[in-house]
Amino acid sequence: MEIIVVKNYEEMSKAGNEVIKNVVLENPQAILGLATGSTPIGIYKNMIADFKNGLVSYKTIKTVNLDEYIGLDASNEQSYVSFMSDVLFNHIDIDKSNTFLPNGKAEDPSVECDRYTSVLKTMPQDIQLLGLGSNGHIAFNEPMTAFETTTHVVDLTESTISDNARFFDSIEKVPTKAITMGIKNIMDAKKILIVASGENKADAIYQMVKGEVNINCPASILQNHENVTVIIDEAAASKL
Ligand code: GLP
């Protein structure tokens, strides 16, 4: 793991954007694995700024997203499909037909999981961007998820529901299930970039970097990937 500690969220976002930009400049047909949550928003802002300044084009890239809530309409602003449009896709020159997410409204979620795993097989990520849950989850792979999993349906833990409640009018409105890429799908990415900011991520960062590789901290599996860049601010690095 390459660990880069920067001063704050703003610096983390700039440095994260540089890593993604280099992948796109090197290969304009790159497949980018993208993430939701609040942490990547600053990276997306930098991507948009670079596009607007003519420094990079996303016209021919493709994207696959990590996860989606089950049960929210695509028009619901908290669905991840709508979130991605708001924070990134609507502001760059990407062809939206080249952007892929699990369908959280599929009639049979388990069929949808198999479909999404097939999509990932044909579109392996050149780089996968990840945030980190305060309990060490990556995508929606909660603690105790087997490392061999592919796309699957998850029951969100109470800690994830309460972390994510800030985006909803009330905690009752937070979906309790989601479809997520499995840990295996994440580990199959050629390169992984994980970003985290703030003191509430410090324990998870410690477990991820210095703890045992163990399903209690799903992110600890990243120690076994050969090309991982960790960009964190000083607060998230404070327990290392
Ligand atoms: C959600 C997402 C994860 C994300 C996590 C952390 O659970 N499914 O992909 O990493 O939130 O979110 P935040 O970046 O807002 O702390």
# chains A, B, ... in the order shown; residues from 1 in each chain; ligands from 1
$ select_by_dssp --residues "region 54-223 of chain A" --states "alpha helix (DSSP H)" --output "ChimeraX atom specification"
/A:80-87,109-122,158-164,183-187,202-210
$ residues_around --residues "region 140-145 of chain A" --least-positions-apart "4" --cutoff "7 Å" --atoms "only C-alpha atoms" --output "list in words"
Asp67, Thr180, Gly182, Ile183, Ile215, Asn216, Cys217 and Pro218 of chain A
$ closest_atom_pairs --of "region 2-116 of chain A" --to "region 222-231 of chain A" --cutoff "8 Å" --atoms "only C-alpha atoms" --output "CSV"
residue,atom,partner,partner_atom,distance
A:Glu2,CA,A:Thr229,CA,4.8
A:Ile3,CA,A:Val230,CA,4.8
A:Ile4,CA,A:Ile231,CA,4.8
A:Val5,CA,A:Ile231,CA,6.0
A:Val6,CA,A:Ile231,CA,7.3
A:Met12,CA,A:Ile231,CA,6.1
A:Ala15,CA,A:Ile231,CA,7.4
A:Gly16,CA,A:Ile231,CA,6.9
$ closest_residue --among "A:Val111, A:Ala237, A:Ile205, A:Val81" --to "Thr99 (chain A)" --atoms "only C-alpha atoms"
A:Val81
$ atom_distance --atom1 "CA of Asp188 (chain A)" --atom2 "CA of Thr149 (chain A)"
11.6 Å
